[in-house]
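Note sheet for the following structure.
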Amino acid sequence: MERIAPAGDVYQAGTLSGNPLAVAAALATLRLLDDEAYARLGAITDGLASGLRAAAAAAGRAVSVQSVPGLLTVFFSEQPVRNYADAAACDLEAYGAWCRALLSHGVYPPASQFEAWFPSLAHTAEHVRQTIEAATAAFMEIE
């Protein structure tokens, strides 16, 4: 770290990049993560992803929800999204309308189809339930 400016000759920029407090917080977090934590994170993510799929299906909406523990994205597509071309072919207008409807129900989703949701260990079953409830209503409201 001595090489990083302003002390050193290497300039590095970015939000919190190289910030000692951010690095210390990240290291403390990583020390707390164990197999049980990752299993819980997977369960939270799976619960949210499956709930969003069910909400869309109940509203007759064709979506593909791609997920891995700690990340998910809802794509307005009948096919799985595996690359940028697949994502770009999704119904971006419907995604935008759904996002605006979610906002009206108190859920702040990623504003772009090309961004991910980040379920975390801070999210409870109640948070997931409330999000799915809002998503269900939002799916029903959009054309």
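How things are named: the first chain in the structure tokens is A, the next is B, and so on; residues count from 1 in each chain; ligands count from 1 in the order shown.
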
**Request:** Could you give me, as a PyMOL selection string, the residues within 8 Å of stretch 63-76 of chain A, counting only C-alpha atoms and dropping anything in the same chain fewer than 5 positions from it?
**Result:** chain A and resi 38+41-46+49+52-53+56+81+87+90-92+94-95+113-120

From a backbone DSSP assignment, name each residue in chain A labelled strand (DSSP E), as an MDAnalysis selection string.
chainID A and resid 64:68 71:75

Would you mind exporting the chosen residues as a compact mmCIF listing (two decimals), in the first residue's frame, restricted to C-alpha atoms?
# COMPACT_ATOMS: atom_id res chain seq x y z
CA SER A 64 -36.06 -15.31 -16.84
CA VAL A 65 -34.51 -14.93 -13.40
CA GLN A 66 -30.81 -15.73 -13.43
CA SER A 67 -29.19 -16.17 -10.03
CA VAL A 68 -26.21 -17.32 -8.04
CA LEU A 71 -26.76 -12.02 -7.15
CA LEU A 72 -29.86 -12.16 -9.30
CA THR A 73 -31.30 -10.39 -12.30
CA VAL A 74 -34.84 -10.41 -13.64
CA PHE A 75 -34.93 -10.38 -17.44

Residue with the minimum atom-to-atom distance to A:His127, picked from A:Ala55, A:Leu48, A:Leu103, A:Ala88 with only C-alpha atoms counted, is A:Leu48

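Near A:Gln130, within a cut-off of 10 Å and counting only C-alpha atoms, sit the residues A:His105, A:Gly106, A:Val107, A:Thr124, A:Ala125, A:Ala135, A:Thr136, with same-chain residues fewer than 5 positions away left out.
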
Next, dump the selected residues to file, keeping only N, CA and C atoms, as a short mmCIF file (atom, residue, chain, number, x, y, z; two decimals), in the first residue's frame.
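What landed in again.cif:
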data_model
loop_
_atom_site.label_atom_id
_atom_site.label_comp_id
_atom_site.auth_asym_id
_atom_site.auth_seq_id
_atom_site.Cartn_x
_atom_site.Cartn_y
_atom_site.Cartn_z
N HIS A 105 -44.36 0.56 -4.85
CA HIS A 105 -44.68 -0.39 -3.77
C HIS A 105 -43.56 -0.47 -2.74
N GLY A 106 -42.63 0.48 -2.79
CA GLY A 106 -41.61 0.57 -1.77
C GLY A 106 -40.37 -0.30 -1.96
N VAL A 107 -40.21 -0.89 -3.14
CA VAL A 107 -39.02 -1.69 -3.42
C VAL A 107 -38.18 -0.94 -4.44
N THR A 124 -33.91 -10.58 5.61
CA THR A 124 -34.63 -11.60 6.35
C THR A 124 -35.71 -12.23 5.47
N ALA A 125 -36.31 -13.27 5.98
CA ALA A 125 -37.44 -13.89 5.27
C ALA A 125 -38.57 -12.88 5.08
N ALA A 135 -43.45 -7.28 -5.88
CA ALA A 135 -43.19 -7.70 -7.25
C ALA A 135 -44.44 -8.28 -7.89
N THR A 136 -45.20 -9.04 -7.12
CA THR A 136 -46.45 -9.61 -7.63
C THR A 136 -47.38 -8.50 -8.07
#

Check your understanding: Among chain A, which ones does DSSP place in alpha helix (DSSP H), written as a ChimeraX atom specification?
Key -> /A:20-32,35-58,84-88,92-104,125-141

Atom CA of A:Gly47 sits from atom CA of A:Glu141 at a separation of 22.6 Å

One decimal place gives the atom CA of A:Asp35-atom CA of A:Leu121 separation as 12.8 Å
